[in-house]
$ cat upload_6.cif   # mmCIF, C-alpha atoms
data_data
#
loop_
_atom_site.label_atom_id
_atom_site.label_comp_id
_atom_site.auth_asym_id
_atom_site.auth_seq_id
_atom_site.Cartn_x
_atom_site.Cartn_y
_atom_site.Cartn_z
CA MET F 1 111.58 114.08 107.68
CA ARG F 2 113.03 111.18 109.68
CA ALA F 3 109.81 110.92 111.66
CA LEU F 4 107.83 110.85 108.40
CA VAL F 5 110.04 108.18 106.87
CA ALA F 6 109.85 106.13 110.05
CA LEU F 7 106.08 106.31 109.76
CA VAL F 8 105.50 105.77 106.04
CA GLY F 9 108.84 104.60 104.62
CA GLU F 10 108.50 100.82 104.83
CA PRO F 11 104.77 100.71 103.97
CA VAL F 12 105.44 102.83 100.87
CA ARG F 13 108.38 100.66 99.88
CA ARG F 14 106.23 97.54 100.23
CA TYR F 15 103.50 99.24 98.22
CA LEU F 16 106.02 99.70 95.38
CA HIS F 17 107.46 96.19 95.65
CA ARG F 18 103.96 94.77 95.28
CA ARG F 19 103.48 96.54 91.99
CA ILE F 20 106.80 96.48 90.13
CA ASP F 21 110.04 94.49 90.03
CA ALA F 22 112.39 94.86 92.98
CA ALA F 23 115.14 96.92 91.35
CA THR F 24 112.70 99.44 89.87
CA ALA F 25 110.75 99.53 93.14
CA ASP F 26 113.79 100.73 95.07
CA ASP F 27 114.58 103.29 92.34
CA VAL F 28 111.06 104.66 92.52
CA TYR F 29 111.27 104.60 96.33
CA GLY F 30 114.25 106.94 96.02
CA ASP F 31 112.11 109.26 93.86
CA VAL F 32 109.31 109.14 96.41
CA LEU F 33 111.67 110.10 99.25
CA LEU F 34 112.86 113.06 97.20
CA VAL F 35 109.28 114.22 96.59
CA LEU F 36 108.42 113.78 100.28
CA TRP F 37 111.48 115.81 101.22
CA ARG F 38 110.55 118.60 98.82
CA ARG F 39 106.91 118.61 99.84
CA LEU F 40 107.45 118.25 103.56
CA ASP F 41 105.22 121.27 104.19
CA ASP F 42 102.29 119.59 102.39
CA VAL F 43 102.31 116.43 104.49
CA PRO F 44 99.00 116.14 106.38
CA ASP F 45 99.37 116.79 110.11
CA ASP F 46 97.14 113.86 111.02
CA PRO F 47 99.49 110.83 111.16
CA ASN F 48 96.55 108.71 109.97
CA HIS F 49 96.45 110.69 106.74
CA ALA F 50 100.21 110.75 106.17
CA LEU F 51 100.40 107.17 104.85
CA PRO F 52 97.62 107.44 102.25
CA TRP F 53 99.04 110.81 101.22
CA ALA F 54 102.47 109.22 100.75
CA ILE F 55 100.87 106.38 98.79
CA VAL F 56 99.36 108.91 96.40
CA VAL F 57 102.86 110.34 95.89
CA ALA F 58 104.22 106.83 95.34
CA ARG F 59 101.45 106.02 92.88
CA GLN F 60 102.27 109.09 90.81
CA CYS F 61 106.01 108.33 90.83
CA LEU F 62 105.24 104.75 89.84
CA ALA F 63 102.87 105.82 87.05
CA ASN F 64 105.51 108.18 85.64
CA THR F 65 108.14 105.46 85.69
CA GLN F 66 105.83 102.94 84.03
CA ARG F 67 104.70 105.44 81.42
CA SER F 68 108.23 106.35 80.37
CA GLU F 69 109.18 102.68 80.50
CA ARG F 70 106.36 101.75 78.14
CA ARG F 71 107.17 104.64 75.84
CA ARG F 72 110.79 103.52 75.64
CA THR F 73 109.80 99.90 75.10
CA ARG F 74 107.51 100.96 72.25
CA LEU F 75 110.23 103.00 70.62
CA VAL F 76 112.71 100.15 70.89
CA GLY F 77 110.00 97.83 69.58
CA ARG F 78 109.72 99.97 66.48
CA ILE F 79 113.49 100.05 66.01
CA ILE F 80 113.66 96.28 66.35
CA ALA F 81 110.80 95.87 63.88
CA ILE F 82 112.78 97.87 61.31
CA ASP F 83 116.12 96.28 62.07
CA PRO F 84 115.65 93.00 63.92
CA PRO F 85 118.67 91.76 65.86
CA SER F 86 119.87 88.24 65.14
CA LEU F 87 119.38 86.72 68.58
CA THR F 88 116.39 86.65 70.87
CA THR F 89 116.55 85.84 74.52
CA ASP F 90 112.94 85.10 75.26
CA ASP F 91 113.17 83.65 78.70
CA PRO F 92 109.78 82.95 80.27
CA ALA F 93 111.42 82.81 83.69
CA THR F 94 112.14 86.54 83.39
CA ASN F 95 108.52 87.27 82.59
CA ALA F 96 107.33 85.38 85.64
CA ALA F 97 110.07 86.69 87.90
CA HIS F 98 107.76 89.14 89.62
CA ALA F 99 104.74 86.87 89.90
CA THR F 100 104.03 84.82 92.97
CA ASP F 101 102.32 81.64 92.01
CA ARG F 102 100.87 80.71 95.35
CA ASP F 103 97.27 81.45 94.48
CA ALA F 104 96.83 81.41 90.73
CA THR F 105 93.03 81.45 91.02
CA LEU F 106 93.16 84.64 93.04
CA ARG F 107 95.56 86.28 90.62
CA THR F 108 93.37 85.40 87.67
CA ALA F 109 90.26 86.63 89.46
CA LEU F 110 92.00 89.90 90.42
CA ALA F 111 93.18 90.37 86.85
CA ARG F 112 89.61 90.04 85.62
CA LEU F 113 88.37 92.88 87.81
CA ARG F 114 88.33 96.47 86.69
CA ARG F 115 91.69 97.95 87.56
CA ASP F 116 90.25 100.42 90.04
CA ASP F 117 88.39 97.64 91.87
CA ALA F 118 91.49 95.46 92.02
CA GLU F 119 93.61 98.34 93.28
CA LEU F 120 91.06 99.21 95.95
CA LEU F 121 91.13 95.60 97.17
CA ARG F 122 94.94 95.56 97.21
CA LEU F 123 95.06 98.79 99.21
CA TRP F 124 92.51 97.29 101.59
CA ALA F 125 94.18 93.90 102.09
CA TRP F 126 97.88 94.52 101.43
CA GLU F 127 98.40 98.10 102.51
CA GLU F 128 95.74 97.55 105.20
CA LEU F 129 94.33 101.05 104.83
CA THR F 130 91.24 101.95 106.85
CA PRO F 131 88.20 103.34 105.00
CA THR F 132 89.25 106.87 106.04
CA GLN F 133 92.77 106.30 104.74
CA LEU F 134 91.40 104.78 101.53
CA ALA F 135 89.32 107.91 101.10
CA VAL F 136 92.46 110.08 101.33
CA ALA F 137 94.44 107.79 99.00
CA LEU F 138 91.72 107.74 96.36
CA GLY F 139 90.49 111.30 96.83
CA ILE F 140 86.88 110.25 97.43
CA THR F 141 84.58 110.34 100.45
CA PRO F 142 84.69 107.54 103.08
CA ASN F 143 81.09 106.84 102.14
CA ALA F 144 82.01 106.28 98.50
CA VAL F 145 84.90 104.07 99.69
CA SER F 146 82.61 101.73 101.60
CA ILE F 147 80.21 101.48 98.66
CA ARG F 148 83.00 100.77 96.19
CA LEU F 149 84.77 98.39 98.54
CA HIS F 150 81.57 96.43 99.10
CA ARG F 151 81.00 96.25 95.34
CA ALA F 152 84.61 95.24 94.64
CA LYS F 153 84.55 92.47 97.24
CA ALA F 154 81.35 91.08 95.77
CA ARG F 155 82.85 91.18 92.28
CA LEU F 156 86.03 89.46 93.43
CA LYS F 157 84.05 86.73 95.19
CA ALA F 158 82.00 86.17 92.04
CA GLU F 159 85.15 86.04 89.88
CA LEU F 160 86.82 83.65 92.34
CA LYS F 161 83.85 81.29 92.06
CA ASP F 162 83.88 81.62 88.31
CA VAL F 163 87.62 80.99 87.94
CA ALA F 164 87.57 78.12 90.44
CA SER F 165 84.73 76.30 88.69
CA ALA F 166 86.30 76.88 85.26
CA GLY F 167 89.75 75.86 86.43
CA HIS F 168 88.63 72.84 88.43
CA VAL F 169 88.47 70.45 85.49
CA THR F 170 91.83 71.44 84.06
CA ALA F 171 93.49 71.28 87.48
CA LYS F 172 92.19 67.77 87.93
CA GLU F 173 93.40 66.77 84.53
CA GLY F 174 96.80 68.23 85.25
CA SER F 175 97.22 66.28 88.45
CA THR F 176 96.23 63.00 86.81
CA HIS F 177 98.79 63.54 84.09
CA ALA F 178 101.44 64.36 86.63
CA ARG F 179 101.05 60.98 88.18
CA MET U 180 73.27 87.51 107.41
CA HIS U 181 75.53 90.38 108.24
CA ASP U 182 77.80 88.05 110.18
CA ASP U 183 78.16 85.83 107.16
CA ASP U 184 79.16 88.88 105.16
CA SER U 185 81.88 89.98 107.54
CA ARG U 186 83.17 86.41 107.90
CA GLY U 187 83.33 86.19 104.13
CA ASP U 188 85.18 89.52 104.03
CA ASP U 189 87.70 88.34 106.60
CA ALA U 190 88.34 85.17 104.62
CA LEU U 191 88.72 87.21 101.44
CA ARG U 192 91.17 89.56 103.10
CA ALA U 193 93.16 86.64 104.53
CA ARG U 194 93.33 85.03 101.10
CA LEU U 195 94.51 88.27 99.52
CA ARG U 196 97.11 88.73 102.25
CA ALA U 197 98.42 85.22 101.71
CA ALA U 198 99.13 86.22 98.12
CA ASP U 199 100.93 89.43 99.10
CA PRO U 200 104.07 89.57 96.94
CA ALA U 201 105.84 91.73 99.53
CA ASP U 202 105.28 89.57 102.59
CA ALA U 203 108.81 88.16 102.39
CA LEU U 204 110.36 91.56 101.70
CA ALA U 205 113.05 92.33 104.25
CA PRO U 206 113.16 95.91 105.51
CA LEU U 207 116.00 98.04 104.20
CA PRO U 208 118.99 98.20 106.52
CA PRO U 209 118.96 101.40 108.59
CA THR U 210 122.30 102.37 107.05
CA TRP U 211 120.71 102.55 103.57
CA LEU U 212 118.16 104.99 104.82
CA ASP U 213 120.72 107.05 106.74
CA HIS U 214 122.85 107.30 103.63
CA ARG U 215 119.90 108.21 101.43
CA MET U 216 118.60 110.81 103.89
CA GLU U 217 122.00 112.38 104.06
CA GLN U 218 122.06 112.62 100.28
CA LEU U 219 118.63 114.23 100.25
CA MET U 220 119.33 116.70 102.97
CA THR U 221 122.64 117.84 101.54
CA ASP U 222 121.27 118.03 98.00
CA THR U 223 121.98 121.67 97.06
CA SER U 224 119.32 121.61 94.37
CA THR U 225 116.57 121.80 96.98
CA ALA U 226 115.72 125.30 98.03
CA THR U 227 115.58 124.49 101.72
CA ALA U 228 119.00 122.87 101.89
CA PRO U 229 121.03 124.74 104.46
CA GLU U 230 124.41 124.31 102.83
CA ALA U 231 126.08 126.94 100.69
CA PRO U 232 126.47 126.00 97.05
CA THR U 233 129.90 124.64 96.22
CA PRO U 234 131.96 126.96 94.04
CA ALA U 235 132.02 125.99 90.39
CA ARG U 236 135.49 124.71 89.69
CA SER U 237 135.03 123.60 86.14
CA ARG U 238 132.52 124.06 83.38
CA ILE U 239 131.75 120.36 83.31
CA PRO U 240 129.78 119.38 86.38
CA ARG U 241 131.30 116.58 88.39
CA TRP U 242 128.25 114.38 87.92
CA MET U 243 128.58 114.51 84.14
CA PRO U 244 130.70 111.35 83.69
CA VAL U 245 128.41 109.49 86.10
CA ALA U 246 125.33 110.68 84.22
CA GLY U 247 126.95 109.63 80.97
CA ALA U 248 127.65 106.17 82.29
CA ALA U 249 124.13 105.93 83.69
CA ALA U 250 122.70 106.96 80.33
CA ALA U 251 124.76 104.31 78.58
CA VAL U 252 123.48 101.67 81.00
CA ALA U 253 119.92 102.91 80.50
CA ILE U 254 120.24 102.70 76.72
CA ALA U 255 121.68 99.21 76.92
CA ALA U 256 118.89 98.18 79.29
CA ALA U 257 116.30 99.70 76.98
CA ILE U 258 117.51 97.55 74.14
CA ILE U 259 117.77 94.33 76.13
CA ALA U 260 114.60 94.63 78.22
CA PRO U 261 112.09 94.46 75.34
CA LEU U 262 113.93 91.46 73.92
CA ALA U 263 113.58 89.69 77.22
CA LEU U 264 110.09 90.84 78.01
CA GLY U 265 108.47 90.84 74.60
CA GLY U 266 105.62 93.37 75.02
CA THR U 267 106.00 96.37 72.76
CA GLN U 268 102.35 97.29 72.54
CA PRO U 269 100.87 100.24 74.37
CA THR U 270 98.23 99.28 76.94
CA VAL U 271 94.70 99.97 75.77
CA GLU U 272 91.43 100.15 77.64
CA GLN U 273 87.87 100.74 76.51
CA LEU U 274 85.39 103.13 78.02
CA ALA U 275 81.67 103.24 77.26
CA ALA U 276 79.90 106.35 75.97
CA PRO U 277 77.61 108.22 78.34
CA GLU U 278 73.98 107.22 77.97
CA GLY U 279 72.14 109.34 75.45
CA GLY U 280 75.31 111.34 74.96
CA GLY U 281 74.88 112.64 78.48
CA LEU U 282 72.84 115.64 77.50
CA ALA U 283 69.72 113.86 76.30
CA SER U 284 68.88 112.81 79.84
CA GLY U 285 68.40 116.45 80.69
CA SER U 286 69.62 115.89 84.22
CA CYS U 287 72.92 117.73 84.08
CA LEU U 288 73.90 119.83 87.04
CA ALA U 289 76.07 122.90 86.80
CA LEU U 290 79.68 121.87 86.24
CA ASP U 291 81.90 122.19 89.30
CA ALA U 292 85.24 120.92 90.52
CA ALA U 293 83.65 118.58 93.09
CA THR U 294 81.89 116.63 90.32
CA ILE U 295 85.20 116.26 88.50
CA ALA U 296 87.08 115.30 91.66
CA ALA U 297 84.58 112.47 92.25
CA GLN U 298 85.46 110.72 88.98
CA ASP U 299 87.22 107.33 88.97
CA GLN U 300 89.46 108.27 86.11
CA ALA U 301 90.43 111.64 84.72
CA PHE U 302 93.01 112.33 82.07
CA ALA U 303 94.09 114.57 79.22
CA ALA U 304 94.38 112.92 75.83
CA THR U 305 94.94 113.61 72.16
CA VAL U 306 92.79 111.93 69.53
CA LEU U 307 95.11 109.57 67.66
CA GLU U 308 92.69 108.15 65.14
CA ILE U 309 89.03 107.51 64.52
CA ASP U 310 88.23 104.10 63.17
CA GLY U 311 84.56 103.96 62.25
CA ASP U 312 82.74 104.60 65.52
CA THR U 313 85.76 104.03 67.70
CA VAL U 314 87.92 106.91 68.80
CA VAL U 315 91.47 106.08 69.91
CA LEU U 316 92.87 108.50 72.47
CA GLU U 317 96.54 108.72 73.39
CA VAL U 318 96.72 109.62 77.07
CA THR U 319 99.08 112.52 77.70
CA GLU U 320 98.45 113.24 81.37
CA THR U 321 96.68 111.36 84.15
CA PHE U 322 94.92 113.25 86.94
CA ALA U 323 93.07 110.45 88.71
CA GLY U 324 92.75 106.69 88.63
CA ASP U 325 94.63 104.12 86.68
CA VAL U 326 94.60 104.90 82.98
CA ALA U 327 96.10 102.88 80.13
CA ASP U 328 98.41 104.42 77.51
CA ARG U 329 95.54 104.51 75.07
CA VAL U 330 91.82 104.63 75.62
CA GLU U 331 89.15 103.69 73.12
CA VAL U 332 85.77 105.37 73.34
CA PRO U 333 82.79 105.23 71.00
CA GLN U 334 82.29 108.34 68.88
CA VAL U 335 79.11 110.15 69.76
CA ASP U 336 76.61 111.63 67.39
CA ALA U 337 77.66 115.23 66.80
CA THR U 338 74.14 116.55 67.24
CA SER U 339 73.48 114.86 70.57
CA SER U 340 77.06 115.10 71.75
CA ASP U 341 77.68 116.46 75.17
CA TYR U 342 81.44 116.66 74.92
CA SER U 343 80.91 120.40 75.25
CA GLY U 344 79.35 120.18 71.83
CA VAL U 345 82.68 119.10 70.35
CA PRO U 346 82.82 115.58 68.92
CA PHE U 347 86.22 113.91 68.93
CA ALA U 348 88.32 114.91 65.94
CA VAL U 349 91.76 113.58 65.04
CA GLY U 350 94.49 115.67 66.62
CA GLY U 351 92.09 117.34 69.04
CA GLU U 352 93.02 117.59 72.71
CA PHE U 353 90.45 116.60 75.28
CA LEU U 354 89.97 116.34 79.01
CA VAL U 355 88.18 113.09 79.74
CA SER U 356 86.61 111.74 82.91
CA ALA U 357 85.00 108.40 83.55
CA LEU U 358 82.99 106.80 86.32
CA ASP U 359 82.76 103.03 86.55
CA GLY U 360 84.09 102.51 83.03
CA THR U 361 81.74 105.01 81.41
CA VAL U 362 82.78 108.40 80.07
CA THR U 363 81.07 111.16 82.00
CA GLY U 364 79.10 113.65 79.92
CA CYS U 365 77.43 116.79 81.17
CA GLY U 366 80.40 118.93 80.18
CA VAL U 367 82.82 117.05 82.45
CA THR U 368 84.46 115.57 79.37
CA GLY U 369 85.27 118.08 76.71
CA ALA U 370 87.81 119.84 74.55
CA ASP U 371 90.87 120.96 76.50
CA SER U 372 89.86 124.61 76.96
CA PRO U 373 91.25 126.99 79.59
CA GLU U 374 87.80 127.00 81.28
CA LEU U 375 87.54 123.22 81.59
CA ARG U 376 91.24 122.97 82.48
CA ALA U 377 90.62 125.37 85.37
CA PHE U 378 87.97 123.01 86.79
CA TYR U 379 90.34 120.03 86.46
CA ASP U 380 93.15 121.98 88.10
CA GLU U 381 90.85 122.90 90.96
CA ALA U 382 89.65 119.31 91.31
CA PHE U 383 93.08 117.67 91.24
CA GLY U 384 95.21 120.42 92.70
CA GLY U 385 97.16 120.92 89.46
#
$ encode --input "upload_6.cif" --output "structure tokens"
Amino acid sequence: MRALVALVGEPVRRYLHRRIDAATADDVYGDVLLVLWRRLDDVPDDPNHALPWAIVVARQCLANTQRSERRRTRLVGRIIAIDPPSLTTDDPATNAAHATDRDATLRTALARLRRDDAELLRLWAWEELTPTQLAVALGITPNAVSIRLHRAKARLKAELKDVASAGHVTAKEGSTHAR
Amino acid sequence: MHDDDSRGDDALRARLRAADPADALAPLPPTWLDHRMEQLMTDTSTATAPEAPTPARSRIPRWMPVAGAAAAVAIAAAIIAPLALGGTQPTVEQLAAPEGGGLASGSCLALDAATIAAQDQAFAATVLEIDGDTVVLEVTETFAGDVADRVEVPQVDATSSDYSGVPFAVGGEFLVSALDGTVTGCGVTGADSPELRAFYDEAFGG
């Protein structure tokens, strides 16, 4: 188990931190470790396959957490709609806490892609999975991975161009006003 | 030409990496992991744990007060979080109907688990409502891909329907698959029957 965690632990933790706020990420990481521990016999022998396999586990843990989170938020939303509390603390800083604003164009372009395309690109660039590892993580053939990856890259490039040309005018305007 | 492509890919990857939200994330201290691993390995609830179960000293488990406190914190957080974050709406995504209802093309192969395993998205859902031609599905279980809380699909004509001959009806439970944003016909999507469920289980190791 220690060998497995040494191999996949940090990459999986980073995977989670890229997709949810820090506190929840470490909670979910705890869940993932528990699942890995319980399913130690199912871990692929090939060390190359262990990481994508662990990422699949992490994705499921993350999806479960997000689903129950959304369900709870909806329920509370209904309660608040019936009996609204007197104060609201709508702090935009909290909303943006998780976002990194270094490349807004890229974020917008990524957000415009189909979710599966965007996730494939993230796994490719952030998790740095090889096509074979991507195939394990997504449960498809390496051939299908390369086709989808090629398509997703082309779509992202097109969206980047689109967002950049649309945003160019406003960006210029913004900088003039700032002066 | 090909060189241009790979150069463009490298630049794209570099740009994505520069926006990696976890690039400044410090690794956990080794002590955290040691502590956590110790907890896992001594957890008596796992079947493989080597330790003998501790004798029950009282009817109330020792973790009860802790769980109670945790629950209280969770409830408080649940009330505060939506106030701070706003969003109370379920996520919704749209999927397109298969061309010609899937069946009209006449090119369906025999249904097998491999076809189902190759889908981008696969999920179980209950029909929440039908608004004109739009069917709103509440997702109950996700097998593959990223699926929103609710999915909207166009209703298909009952006569040409390929959803195993069962058009969506309110309250009905379905197994749905989609490829590239389009619901897959040819019997892959259909009412949640033991037969279809068996294929999904085989495909996704359920």
$ closest_residue --input "upload_6.cif" --among "F:Val12, F:Val163, F:Ala63, F:Leu33" --to "Glu128 (chain F)" --atoms "all atoms listed in the file"
F:Val12
$ resolve_selection --input "upload_6.cif" --expression "the PyMOL selection byres ((chain U and resi 321) around 7)" --output "PyMOL selection string"
chain U and resi 301-303+319-320+322-323+326
$ axis_aligned_box --input "upload_6.cif" --around "region 20-34 of chain F" --padding-each-side "6 Å" --output "AutoDock Vina command-line options"
--center_x 111.0 --center_y 103.8 --center_z 94.6 --size_x 20.3 --size_y 30.6 --size_z 21.4
$ residues_around --input "upload_6.cif" --residues "Thr24 (chain F)" --least-positions-apart "2" --cutoff "12 Å" --atoms "all atoms listed in the file" --output "list of chain:residue names"
F:Arg13, F:Leu16, F:His17, F:Arg18, F:Arg19, F:Ile20, F:Asp21, F:Ala22, F:Asp26, F:Asp27, F:Val28, F:Tyr29, F:Gly30, F:Asp31, F:Cys61, F:Leu62, F:Thr65, F:Gln66, F:Glu69, F:His98
$ resolve_selection --input "upload_6.cif" --expression "the PyMOL selection byres ((chain U and resi 332) around 9)" --output "NGL selection string"
:U and (272-276 or 312-316 or 330-331 or 333-335 or 362)
$ resolve_selection --input "upload_6.cif" --expression "the PyMOL selection byres ((chain U and resi 215) around 12)" --output "MDAnalysis selection string"
(chainID F and resid 1:2 5 26:27 29:34 37) or (chainID U and resid 207:214 216:222)
$ atom_distance --input "upload_6.cif" --atom1 "CA of Ala297 (chain U)" --atom2 "CA of Thr130 (chain F)"
19.2 Å
$ closest_residue --input "upload_6.cif" --among "F:Thr73, F:Asn48, F:Ser146, F:Thr132" --to "chain U" --atoms "all atoms listed in the file"
F:Thr73
$ closest_residue --input "upload_6.cif" --among "F:Val145, F:Leu75, F:Leu36, F:Ala158" --to "Ala50 (chain F)" --atoms "only C-alpha atoms"
F:Leu36
$ closest_residue --input "upload_6.cif" --among "F:Pro52, F:Ser165, F:Pro11, F:Pro131" --to "chain U" --atoms "all atoms listed in the file"
F:Pro11
$ closest_residue --input "upload_6.cif" --among "F:Ala164, F:Val76, F:Ile147, F:Ala81" --to "chain U" --atoms "only C-alpha atoms"
F:Val76
$ residues_near_point --input "upload_6.cif" --point "(107.3, 88.6, 97.9)" --cutoff "8 Å" --atoms "all atoms listed in the file" --output "number ranges by chain"
F: 17-18, 100; U: 199-204
$ closest_residue --input "upload_6.cif" --among "U:Ala253, U:Ala198, U:Ala190, U:Ala348" --to "Glu308 (chain U)" --atoms "only C-alpha atoms"
U:Ala348
$ atom_distance --input "upload_6.cif" --atom1 "CA of Pro277 (chain U)" --atom2 "CA of Phe353 (chain U)"
15.6 Å
$ atom_distance --input "upload_6.cif" --atom1 "CA of Ala152 (chain F)" --atom2 "CA of Leu110 (chain F)"
10.0 Å
$ residues_around --input "upload_6.cif" --residues "Leu138 (chain F)" --least-positions-apart "3" --cutoff "8 Å" --atoms "all atoms listed in the file" --output "ChimeraX atom specification"
/F:56,134-135 /U:324
